[in-house]
file my_file-v9.pdb (PDB, C-alpha atoms)
MODEL        1
ATOM      1  CA  LYS A 162      -3.181  -3.048  32.624
ATOM      2  CA  PHE A 163      -2.796  -5.841  35.181
ATOM      3  CA  ASN A 164      -6.373  -6.103  36.506
ATOM      4  CA  PHE A 165      -9.011  -5.061  33.999
ATOM      5  CA  ASP A 166     -11.836  -5.485  36.537
ATOM      6  CA  LEU A 167     -10.657  -2.331  38.319
ATOM      7  CA  LYS A 168     -12.433  -0.337  35.602
ATOM      8  CA  ASP A 169     -15.789  -1.101  37.276
ATOM      9  CA  GLU A 170     -14.980   0.745  40.517
ATOM     10  CA  PRO A 171     -15.357   4.566  40.147
ATOM     11  CA  THR A 172     -13.381   5.261  43.325
ATOM     12  CA  ASN A 173     -10.273   4.088  41.459
ATOM     13  CA  PHE A 174     -10.524   7.221  39.309
ATOM     14  CA  PRO A 175     -10.850  10.279  41.611
ATOM     15  CA  PRO A 176     -10.251  13.853  40.379
ATOM     16  CA  THR A 177      -6.477  14.287  40.173
ATOM     17  CA  THR A 178      -4.334  17.432  40.239
ATOM     18  CA  PHE A 179      -1.936  17.866  37.349
ATOM     19  CA  GLY A 180       0.163  20.722  35.953
ATOM     20  CA  GLY A 181      -1.586  23.518  37.803
ATOM     21  CA  GLY A 182      -5.046  22.126  37.105
ATOM     22  CA  GLN A 183      -6.836  18.809  37.441
ATOM     23  CA  TYR A 184      -8.419  16.046  35.404
ATOM     24  CA  ASP A 185     -11.248  13.611  36.088
ATOM     25  CA  VAL A 186     -11.664  10.253  34.318
ATOM     26  CA  THR A 187     -14.932   8.437  33.717
ATOM     27  CA  VAL A 188     -14.778   4.769  32.665
ATOM     28  CA  ILE A 189     -17.531   3.370  30.449
ATOM     29  CA  SER A 190     -17.599  -0.424  30.034
ATOM     30  CA  ILE A 191     -18.303  -1.706  26.520
ATOM     31  CA  GLY A 192     -19.097  -5.395  26.682
ATOM     32  CA  THR A 193     -16.817  -7.634  28.725
ATOM     33  CA  ASN A 194     -13.411  -6.857  27.204
ATOM     34  CA  MET A 195     -13.509  -3.180  26.210
ATOM     35  CA  ALA A 196     -13.701   0.119  28.060
ATOM     36  CA  ARG A 197     -13.670   3.787  27.105
ATOM     37  CA  LEU A 198     -11.835   6.237  29.368
ATOM     38  CA  GLU A 199     -13.144   9.778  29.004
ATOM     39  CA  SER A 200     -10.961  12.402  30.685
ATOM     40  CA  VAL A 201     -11.863  16.058  31.236
ATOM     41  CA  GLY A 202      -8.977  18.317  32.195
ATOM     42  CA  GLN A 203      -9.279  21.856  33.519
ATOM     43  CA  CYS A 204      -6.641  24.507  34.088
ATOM     44  CA  GLY A 205      -7.924  27.983  34.893
ATOM     45  CA  ARG A 206     -10.610  28.823  32.338
ATOM     46  CA  ALA A 207      -9.388  26.203  29.822
ATOM     47  CA  THR A 208     -11.013  22.795  29.415
ATOM     48  CA  ALA A 209      -9.745  19.849  27.365
ATOM     49  CA  ARG A 210     -11.313  16.459  26.684
ATOM     50  CA  VAL A 211      -9.691  13.244  25.517
ATOM     51  CA  ALA A 212     -10.919   9.659  25.247
ATOM     52  CA  VAL A 213      -9.115   6.367  24.830
ATOM     53  CA  ASP A 214     -10.512   2.914  24.078
ATOM     54  CA  LEU A 215      -8.884  -0.011  25.864
ATOM     55  CA  LEU A 216      -9.136  -3.610  24.683
ATOM     56  CA  ASN A 217      -8.459  -6.535  27.001
ATOM     57  CA  LEU A 218      -7.147  -9.549  25.117
ATOM     58  CA  GLU A 219      -6.622 -13.047  26.374
ATOM     59  CA  ARG A 220      -2.881 -13.084  26.914
ATOM     60  CA  MET A 221      -1.474 -15.593  24.483
ATOM     61  CA  SER A 222       1.794 -15.771  22.610
ATOM     62  CA  VAL A 223       0.516 -13.860  19.589
ATOM     63  CA  ASN A 224      -2.206 -11.457  20.556
ATOM     64  CA  TRP A 225      -0.105  -8.371  20.310
ATOM     65  CA  LEU A 226      -1.975  -8.363  16.999
ATOM     66  CA  PRO A 227      -5.108  -6.563  18.247
ATOM     67  CA  ASP A 228      -7.343  -7.063  15.218
ATOM     68  CA  ASP A 229      -6.804 -10.799  14.935
ATOM     69  CA  PRO A 230      -6.208 -13.347  17.720
ATOM     70  CA  LEU A 231      -3.994 -15.091  15.160
ATOM     71  CA  ARG A 232      -3.723 -18.313  17.055
ATOM     72  CA  ASP A 233      -2.189 -19.847  13.931
ATOM     73  CA  LEU A 234       1.345 -18.465  13.735
ATOM     74  CA  SER A 235       1.779 -19.805  10.214
ATOM     75  CA  VAL A 236       0.792 -16.396   8.803
ATOM     76  CA  PHE A 237       4.374 -15.379   9.618
ATOM     77  CA  THR A 238       6.305 -18.610   9.415
ATOM     78  CA  ASN A 239       4.735 -20.157   6.286
ATOM     79  CA  TYR A 240       4.878 -17.131   3.972
ATOM     80  CA  SER A 241       7.962 -15.617   2.446
ATOM     81  CA  ILE A 242       5.932 -12.788   0.880
ATOM     82  CA  LEU A 243       2.338 -11.871   1.785
ATOM     83  CA  THR A 244       0.657  -8.850   0.185
ATOM     84  CA  GLY A 245      -2.722  -7.214   0.584
ATOM     85  CA  GLY A 246      -2.517  -6.010  -3.031
ATOM     86  CA  ALA A 247      -0.901  -7.015  -6.294
ATOM     87  CA  ILE A 248       2.632  -8.243  -6.942
ATOM     88  CA  THR A 249       4.380  -6.895 -10.032
ATOM     89  CA  TRP A 250       7.739  -8.471 -10.865
ATOM     90  CA  SER A 251       9.304  -6.585 -13.744
ATOM     91  CA  GLY A 252      12.772  -6.538 -15.232
ATOM     92  CA  GLY A 253      15.174  -9.371 -14.523
ATOM     93  CA  GLY A 254      16.329 -10.922 -11.324
ATOM     94  CA  GLU A 255      15.461 -14.060  -9.421
ATOM     95  CA  MET A 256      13.743 -14.821  -6.175
ATOM     96  CA  ARG A 257      14.857 -18.045  -4.560
ATOM     97  CA  ASN A 258      12.960 -19.368  -1.562
ATOM     98  CA  GLY A 259      11.064 -22.388  -0.325
ATOM     99  CA  LYS A 260       7.938 -20.866   1.215
ATOM    100  CA  VAL A 261       4.632 -19.449  -0.037
ATOM    101  CA  LEU A 262       4.441 -16.235  -2.041
ATOM    102  CA  HIS A 263       0.835 -14.986  -1.786
ATOM    103  CA  ALA A 264      -0.881 -11.981  -3.381
ATOM    104  CA  ASN A 265      -4.411 -10.933  -2.431
ATOM    105  CA  ASN A 266      -4.726  -9.623  -5.988
ATOM    106  CA  LEU A 267      -3.036 -10.015  -9.384
ATOM    107  CA  LEU A 268       0.448 -11.509  -9.610
ATOM    108  CA  GLU A 269       2.206 -10.338 -12.772
ATOM    109  CA  MET A 270       5.617 -11.517 -13.987
ATOM    110  CA  LYS A 271       7.052  -9.543 -16.911
ATOM    111  CA  GLY A 272      10.513  -9.192 -18.326
ATOM    112  CA  GLY A 273      13.167 -11.805 -17.576
ATOM    113  CA  GLY A 274      12.632 -12.491 -13.883
ATOM    114  CA  GLU A 275      12.294 -15.905 -12.308
ATOM    115  CA  LEU A 276      10.734 -17.358  -9.153
ATOM    116  CA  ARG A 277      12.158 -20.680  -8.077
ATOM    117  CA  GLY A 278      13.086 -22.801  -5.092
ATOM    118  CA  THR A 279      12.522 -26.201  -3.553
ATOM    119  CA  GLY A 280       8.990 -26.279  -2.156
ATOM    120  CA  LEU A 281       8.054 -22.910  -3.705
ATOM    121  CA  VAL A 282       4.309 -22.183  -3.932
ATOM    122  CA  VAL A 283       3.043 -19.050  -5.731
ATOM    123  CA  ARG A 284      -0.580 -18.008  -5.098
ATOM    124  CA  SER A 285      -2.828 -15.249  -6.400
ATOM    125  CA  THR A 286      -6.451 -14.652  -5.427
ATOM    126  CA  GLN A 287      -7.098 -13.097  -8.857
ATOM    127  CA  GLN A 288      -4.761 -14.169 -11.668
ATOM    128  CA  ILE A 289      -1.184 -15.142 -12.470
ATOM    129  CA  SER A 290       0.098 -13.473 -15.631
ATOM    130  CA  ILE A 291       3.414 -14.306 -17.342
ATOM    131  CA  GLN A 292       4.969 -12.034 -19.975
ATOM    132  CA  GLY A 293       8.318 -11.930 -21.786
ATOM    133  CA  SER A 294      10.816 -14.575 -20.700
ATOM    134  CA  ALA A 295       9.718 -14.563 -17.048
ATOM    135  CA  ARG A 296       9.390 -17.970 -15.424
ATOM    136  CA  ILE A 297       7.955 -19.604 -12.326
ATOM    137  CA  ARG A 298       9.628 -22.878 -11.418
ATOM    138  CA  GLY A 299       7.278 -24.186  -8.758
ATOM    139  CA  ARG A 300       3.654 -24.886  -7.881
ATOM    140  CA  THR A 301       1.153 -22.141  -8.737
ATOM    141  CA  GLU A 302      -2.456 -21.625  -7.611
ATOM    142  CA  ALA A 303      -4.874 -19.023  -9.041
ATOM    143  CA  PRO A 304      -8.458 -18.666 -10.333
ATOM    144  CA  SER A 305      -7.067 -17.948 -13.823
ATOM    145  CA  TYR A 306      -3.846 -17.652 -15.817
ATOM    146  CA  ALA A 307      -2.797 -15.347 -18.651
ATOM    147  CA  GLY A 308       0.126 -14.880 -21.011
ATOM    148  CA  LYS A 309       2.907 -17.427 -21.459
ATOM    149  CA  THR A 310       1.614 -20.117 -19.141
ATOM    150  CA  GLY A 311       4.156 -22.535 -20.642
ATOM    151  CA  ASN A 312       6.785 -20.644 -18.658
ATOM    152  CA  ILE A 313       5.320 -22.142 -15.484
ATOM    153  CA  THR A 314       7.164 -25.426 -15.102
ATOM    154  CA  GLY A 315       5.598 -26.717 -11.888
ATOM    155  CA  PRO A 316       2.057 -27.932 -11.133
ATOM    156  CA  ARG A 317      -0.542 -25.345 -12.197
ATOM    157  CA  ILE A 318      -3.748 -25.411 -10.121
ATOM    158  CA  THR A 319      -6.755 -23.459 -11.377
ATOM    159  CA  GLY A 320      -9.416 -22.639  -8.796
ATOM    160  CA  PRO A 321     -10.416 -20.235  -6.010
ATOM    161  CA  VAL A 322      -7.615 -19.029  -3.746
ATOM    162  CA  PRO A 323      -8.780 -17.640  -0.384
ATOM    163  CA  ILE A 324      -7.728 -14.192   0.772
ATOM    164  CA  VAL A 325      -5.223 -14.192   3.633
ATOM    165  CA  SER A 326      -5.760 -11.475   6.248
ATOM    166  CA  ILE A 327      -2.842  -9.080   6.650
ATOM    167  CA  PRO A 328      -2.074  -8.846  10.390
ATOM    168  CA  GLN A 329      -2.354  -5.386  11.919
ATOM    169  CA  ILE A 330       0.496  -5.393  14.416
ATOM    170  CA  ASP A 331      -0.119  -3.154  17.435
ATOM    171  CA  LEU A 332       2.836  -0.744  17.468
ATOM    172  CA  THR A 333       2.212   0.841  20.880
ATOM    173  CA  PRO A 334       4.774  -1.365  22.698
ATOM    174  CA  PHE A 335       7.406  -0.428  20.099
ATOM    175  CA  TYR A 336       6.847   3.270  20.770
ATOM    176  CA  GLN A 337       6.932   2.759  24.527
ATOM    177  CA  HIS A 338      10.159   0.752  24.303
ATOM    178  CA  ALA A 339      11.818   3.350  22.052
ATOM    179  CA  GLU A 340      10.686   6.179  24.338
ATOM    180  CA  ALA A 341      12.068   4.413  27.410
ATOM    181  CA  ASN A 342      15.463   4.251  25.718
ATOM    182  CA  GLY A 343      15.439   7.806  24.351
ATOM    183  CA  GLN A 344      14.975   6.631  20.775
ATOM    184  CA  VAL A 345      11.950   8.614  19.570
ATOM    185  CA  ARG A 346      12.713  11.134  16.819
ATOM    186  CA  SER A 347      10.576  13.398  14.645
ATOM    187  CA  GLY A 348      10.839  14.782  11.138
ATOM    188  CA  SER A 349      13.010  13.429   8.316
ATOM    189  CA  VAL A 350      15.760  11.255   9.799
ATOM    190  CA  LEU A 351      18.947  10.289   7.918
ATOM    191  CA  ILE A 352      21.346   7.515   8.953
ATOM    192  CA  ASN A 353      24.584   7.275   6.951
ATOM    193  CA  SER A 354      26.992   5.367   9.192
ATOM    194  CA  ASP A 355      27.206   2.160  11.235
ATOM    195  CA  THR A 356      24.496   2.333  13.901
ATOM    196  CA  THR A 357      23.492   0.175  16.853
ATOM    197  CA  ILE A 358      20.179   1.389  18.269
ATOM    198  CA  PRO A 359      20.120   1.593  22.098
ATOM    199  CA  GLY A 360      17.414  -0.738  23.376
ATOM    200  CA  GLY A 361      16.950  -2.182  19.897
ATOM    201  CA  VAL A 362      14.040  -0.010  18.639
ATOM    202  CA  LEU A 363      14.101   3.395  16.895
ATOM    203  CA  TRP A 364      10.723   5.131  16.467
ATOM    204  CA  VAL A 365      10.473   7.946  13.910
ATOM    205  CA  ASN A 366       7.470  10.271  13.801
ATOM    206  CA  GLY A 367       8.015  10.938  10.125
ATOM    207  CA  SER A 368      10.211   9.349   7.475
ATOM    208  CA  ILE A 369      13.685   7.825   7.571
ATOM    209  CA  LYS A 370      16.399   7.182   4.986
ATOM    210  CA  ILE A 371      19.327   4.828   5.581
ATOM    211  CA  SER A 372      21.937   5.714   2.989
ATOM    212  CA  ASN A 373      25.035   3.961   4.334
ATOM    213  CA  GLY A 374      26.368   1.842   7.139
ATOM    214  CA  SER A 375      25.372  -1.364   8.878
ATOM    215  CA  ILE A 376      22.290  -1.229  11.106
ATOM    216  CA  ASN A 377      21.569  -3.242  14.247
ATOM    217  CA  GLY A 378      18.047  -2.509  15.407
ATOM    218  CA  CYS A 379      14.346  -2.360  14.608
ATOM    219  CA  ILE A 380      13.293   0.718  12.591
ATOM    220  CA  VAL A 381       9.681   1.906  13.022
ATOM    221  CA  ALA A 382       8.475   4.951  11.069
ATOM    222  CA  THR A 383       5.024   6.489  10.845
ATOM    223  CA  GLY A 384       5.931   7.567   7.293
ATOM    224  CA  ASP A 385       8.195   6.269   4.533
ATOM    225  CA  ILE A 386      11.344   4.166   4.897
ATOM    226  CA  GLU A 387      14.041   4.273   2.200
ATOM    227  CA  ILE A 388      17.022   1.913   2.180
ATOM    228  CA  SER A 389      19.996   2.698  -0.052
ATOM    229  CA  THR A 390      22.783   1.137   1.999
ATOM    230  CA  SER A 391      24.340  -2.076   0.663
ATOM    231  CA  ARG A 392      25.621  -3.151   4.069
ATOM    232  CA  THR A 393      24.051  -5.519   6.623
ATOM    233  CA  MET A 394      20.833  -4.815   8.516
ATOM    234  CA  GLN A 395      19.601  -6.940  11.401
ATOM    235  CA  SER A 396      17.356  -6.595  14.435
ATOM    236  CA  PRO A 397      17.969  -7.928  17.971
ATOM    237  CA  ASN A 398      15.716 -10.152  20.062
ATOM    238  CA  GLY A 399      13.645 -11.326  17.104
ATOM    239  CA  PHE A 400      12.097  -7.867  16.632
ATOM    240  CA  PRO A 401      10.877  -6.979  13.122
ATOM    241  CA  LEU A 402      13.536  -5.235  11.038
ATOM    242  CA  LEU A 403      11.562  -2.525   9.210
ATOM    243  CA  ILE A 404       8.047  -1.289  10.046
ATOM    244  CA  SER A 405       6.213   1.498   8.250
ATOM    245  CA  ARG A 406       2.929   2.358   9.954
ATOM    246  CA  ASP A 407       1.316   4.594   7.313
ATOM    247  CA  GLY A 408       3.934   4.936   4.569
ATOM    248  CA  ASN A 409       5.876   2.989   1.962
ATOM    249  CA  ILE A 410       9.128   1.031   2.148
ATOM    250  CA  LYS A 411      11.618   1.438  -0.709
ATOM    251  CA  ILE A 412      14.859  -0.510  -1.250
ATOM    252  CA  THR A 413      17.196   0.796  -3.957
ATOM    253  CA  SER A 414      20.402  -1.103  -3.137
ATOM    254  CA  THR A 415      21.635  -4.613  -2.334
ATOM    255  CA  PRO A 416      21.633  -4.973   1.467
ATOM    256  CA  THR A 417      21.849  -8.205   3.440
ATOM    257  CA  MET A 418      18.873  -8.054   5.801
ATOM    258  CA  THR A 419      17.587 -10.287   8.594
ATOM    259  CA  GLY A 420      14.040 -10.040   9.971
ATOM    260  CA  LEU A 421      10.532  -8.975   9.002
ATOM    261  CA  VAL A 422       9.907  -6.153   6.499
ATOM    262  CA  TYR A 423       6.397  -4.876   7.268
ATOM    263  CA  ALA A 424       4.390  -2.078   5.656
ATOM    264  CA  ARG A 425       1.218  -2.156   7.717
ATOM    265  CA  SER A 426      -1.055  -0.337   5.262
ATOM    266  CA  ARG A 427       0.849   0.605   2.119
ATOM    267  CA  ASN A 428       3.453  -0.579  -0.420
ATOM    268  CA  VAL A 429       6.945  -2.027  -0.781
ATOM    269  CA  ASP A 430       9.012  -0.918  -3.782
ATOM    270  CA  TRP A 431      12.071  -3.147  -4.162
ATOM    271  CA  GLN A 432      14.187  -1.675  -6.954
ATOM    272  CA  GLY A 433      17.446  -3.195  -5.818
ATOM    273  CA  GLY A 434      18.284  -6.727  -4.812
ATOM    274  CA  GLY A 435      20.173  -8.404  -2.039
ATOM    275  CA  VAL A 436      19.307 -11.035   0.537
ATOM    276  CA  LEU A 437      16.479 -11.058   3.064
ATOM    277  CA  TYR A 438      16.633 -13.765   5.694
ATOM    278  CA  GLY A 439      13.070 -13.126   6.728
ATOM    279  CA  ALA A 440       9.676 -12.250   5.265
ATOM    280  CA  ILE A 441       7.874  -9.373   3.558
ATOM    281  CA  VAL A 442       4.339  -8.628   4.789
ATOM    282  CA  LEU A 443       2.437  -5.593   3.557
ATOM    283  CA  GLY A 444      -1.056  -4.202   3.291
ATOM    284  CA  GLY A 445      -0.556  -2.767  -0.210
ATOM    285  CA  GLN A 446       1.277  -3.948  -3.302
ATOM    286  CA  LEU A 447       4.818  -5.162  -3.951
ATOM    287  CA  ASP A 448       6.737  -3.852  -6.965
ATOM    288  CA  LYS A 449      10.021  -5.594  -7.804
ATOM    289  CA  ALA A 450      11.964  -3.835 -10.541
ATOM    290  CA  GLY A 451      15.469  -3.833 -11.962
ATOM    291  CA  GLY A 452      17.735  -6.766 -12.681
ATOM    292  CA  SER A 453      19.000  -7.612  -9.204
ATOM    293  CA  ASP A 454      18.129 -10.809  -7.399
ATOM    294  CA  LEU A 455      15.985 -10.910  -4.286
ATOM    295  CA  ILE A 456      16.450 -13.925  -2.054
ATOM    296  CA  VAL A 457      13.802 -14.343   0.645
ATOM    297  CA  SER A 458      14.011 -17.229   3.090
ATOM    298  CA  GLY A 459      10.960 -16.624   5.311
ATOM    299  CA  LEU A 460      10.861 -16.463   9.107
ATOM    300  CA  ASP A 461      11.784 -19.449  11.244
ATOM    301  CA  ALA A 462       9.816 -18.037  14.210
ATOM    302  CA  PRO A 463       7.165 -15.312  14.644
ATOM    303  CA  PRO A 464       8.514 -11.796  15.223
ATOM    304  CA  SER A 465       8.847 -10.647  18.820
ATOM    305  CA  ILE A 466       7.465  -7.553  20.514
ATOM    306  CA  PRO A 467       9.244  -5.439  23.140
ATOM    307  CA  GLY A 468       8.146  -6.116  26.692
ATOM    308  CA  VAL A 469       6.029  -9.172  25.897
ATOM    309  CA  ASP A 470       7.027 -12.725  26.712
ATOM    310  CA  ASN A 471       5.946 -14.545  23.565
ATOM    311  CA  SER A 472       6.030 -17.852  25.405
ATOM    312  CA  ASN A 473       3.348 -16.659  27.850
ATOM    313  CA  THR A 474       0.139 -18.619  27.373
ATOM    314  CA  ASN A 475      -1.705 -17.853  30.618
ATOM    315  CA  ASN A 476      -4.994 -15.993  30.771
ATOM    316  CA  SER A 477      -3.909 -12.898  32.709
ATOM    317  CA  ASP A 478      -5.142  -9.544  31.449
ATOM    318  CA  TYR A 479      -3.365  -8.029  28.466
ATOM    319  CA  VAL A 480      -4.702  -4.531  27.852
ATOM    320  CA  ILE A 481      -3.830  -2.502  24.781
ATOM    321  CA  ILE A 482      -4.891   0.911  23.469
ATOM    322  CA  ALA A 483      -7.305   0.397  20.584
ATOM    323  CA  ALA A 484      -8.031   4.061  19.706
ATOM    324  CA  TRP A 485      -7.456   7.666  20.788
ATOM    325  CA  GLN A 486      -9.979  10.474  20.411
ATOM    326  CA  ASN A 487      -9.123  14.150  20.939
TER     327      ASN A 487
ENDMDL
END
call {"tool": "encode", "arguments": {"input": "my_file-v9.pdb", "output": "structure tokens"}}
result
Amino acid sequence: KFNFDLKDEPTNFPPTTFGGGQYDVTVISIGTNMARLESVGQCGRATARVAVDLLNLERMSVNWLPDDPLRDLSVFTNYSILTGGAITWSGGGEMRNGKVLHANNLLEMKGGGELRGTGLVVRSTQQISIQGSARIRGRTEAPSYAGKTGNITGPRITGPVPIVSIPQIDLTPFYQHAEANGQVRSGSVLINSDTTIPGGVLWVNGSIKISNGSINGCIVATGDIEISTSRTMQSPNGFPLLISRDGNIKITSTPTMTGLVYARSRNVDWQGGGVLYGAIVLGGQLDKAGGSDLIVSGLDAPPSIPGVDNSNTNNSDYVIIAAWQN
């Protein structure tokens, strides 16, 4: 972790006794910044093998995002909403913000909803479609437009819109931080009262529902996250507020939330309303339904990660786990 060159010296990895048996690790270098650790464990007549890939990144303020050096932090600070899929805004309700709303697919407004705000920019890589009495009061950019384009009252730019990569945040430090503070849970977790998370991060191997109470802490779930509380939710130390690794995030109430809402690979379903002083970033699609407003302000600074000094810009080794193989 602190000296990646140690991987090249086999004597650093002697056979080691463990749990009544022993294991032996072989390190295979892959290029200059990657290594595979292959471990064979034996206990009596039983043998087990496991491998892990390690990636050594230049330690900069943002490269806790392993799949993208992301030296331009604007992916977090310039977007209020960034989706890997479509945005569907149905029903009524307004969104008021002054940063970019970007869909890497179709953006469809239908019903009586409205997007507005000083400096608002709405972008789609495919098409912007307006139906019903929906309106966009701001600049729009898309390859094509459909429906009631007269309901767009700001500048309308027709032309190619580049796809914006959705950052794949490495969640290993969040798990390690939660584990160190006794905050790793499994199964279906329910929170229905005021909760301050020790250490600031709760990791759930499964799904979580927050039905009531105010929350102070970062919630990370491998599965779905459902929010039905209408109280306040905030995260300490600049940590993201909600992270779903492999599931969906669903909001059915009107909470006041501060921080990043992040569905790394799937969808956000926002049926309620409320206020988000932060940003929504997701790999899938965003569905906004119902008649409640959704106010999104965007992030003033990039989200933080536990155990990493985001101001660190030196070139010391920063090693993360890229993959496990059993």
call {"tool": "resolve_selection", "arguments": {"input": "my_file-v9.pdb", "expression": "the PyMOL selection byres ((chain A and resi 337-352) around 6)", "output": "list in words"}}
result
Pro334, Phe335, Tyr336, Asn353, Gly360, Val362, Leu363, Trp364, Val365, Asn366, Gly367, Ser368, Ile369, Lys370 and Ile371 of chain A
call {"tool": "resolve_selection", "arguments": {"input": "my_file-v9.pdb", "expression": "the PyMOL selection byres ((chain A and resi 272) around 7)", "output": "list in words"}}
result
Ser251, Gly252, Gly253, Met270, Lys271, Gly273, Gly274, Gln292, Gly293, Ser294 and Ala295 of chain A
call {"tool": "closest_residue", "arguments": {"input": "my_file-v9.pdb", "among": "A:Ser458, A:Asn409, A:Ser389, A:Gln486", "to": "Gly280 in chain A", "atoms": "all atoms listed in the file"}}
result
A:Ser458
call {"tool": "resolve_selection", "arguments": {"input": "my_file-v9.pdb", "expression": "the PyMOL selection byres ((chain A and resi 203) around 9)", "output": "compact mmCIF listing (two decimals) with C-alpha atoms, in the frame of the given file"}}
result
# COMPACT_ATOMS: atom_id res chain seq x y z
CA GLY A 181 -1.59 23.52 37.80
CA GLY A 182 -5.05 22.13 37.10
CA GLN A 183 -6.84 18.81 37.44
CA TYR A 184 -8.42 16.05 35.40
CA ASP A 185 -11.25 13.61 36.09
CA VAL A 201 -11.86 16.06 31.24
CA GLY A 202 -8.98 18.32 32.20
CA CYS A 204 -6.64 24.51 34.09
CA GLY A 205 -7.92 27.98 34.89
CA ARG A 206 -10.61 28.82 32.34
CA ALA A 207 -9.39 26.20 29.82
CA THR A 208 -11.01 22.80 29.42
CA ALA A 209 -9.74 19.85 27.36
CA ARG A 210 -11.31 16.46 26.68
call {"tool": "residues_around", "arguments": {"input": "my_file-v9.pdb", "residues": "Leu332 in chain A", "least_positions_apart": "5", "cutoff": "9 Å", "atoms": "only C-alpha atoms", "output": "PyMOL selection string"}}
result
chain A and resi 225+337+381+406+466
call {"tool": "atom_distance", "arguments": {"input": "my_file-v9.pdb", "atom1": "CA of Val261 in chain A", "atom2": "CA of Gln446 in chain A"}}
result
16.2 Å
call {"tool": "atom_distance", "arguments": {"input": "my_file-v9.pdb", "atom1": "CA of Val186 in chain A", "atom2": "CA of Pro467 in chain A"}}
result
28.4 Å
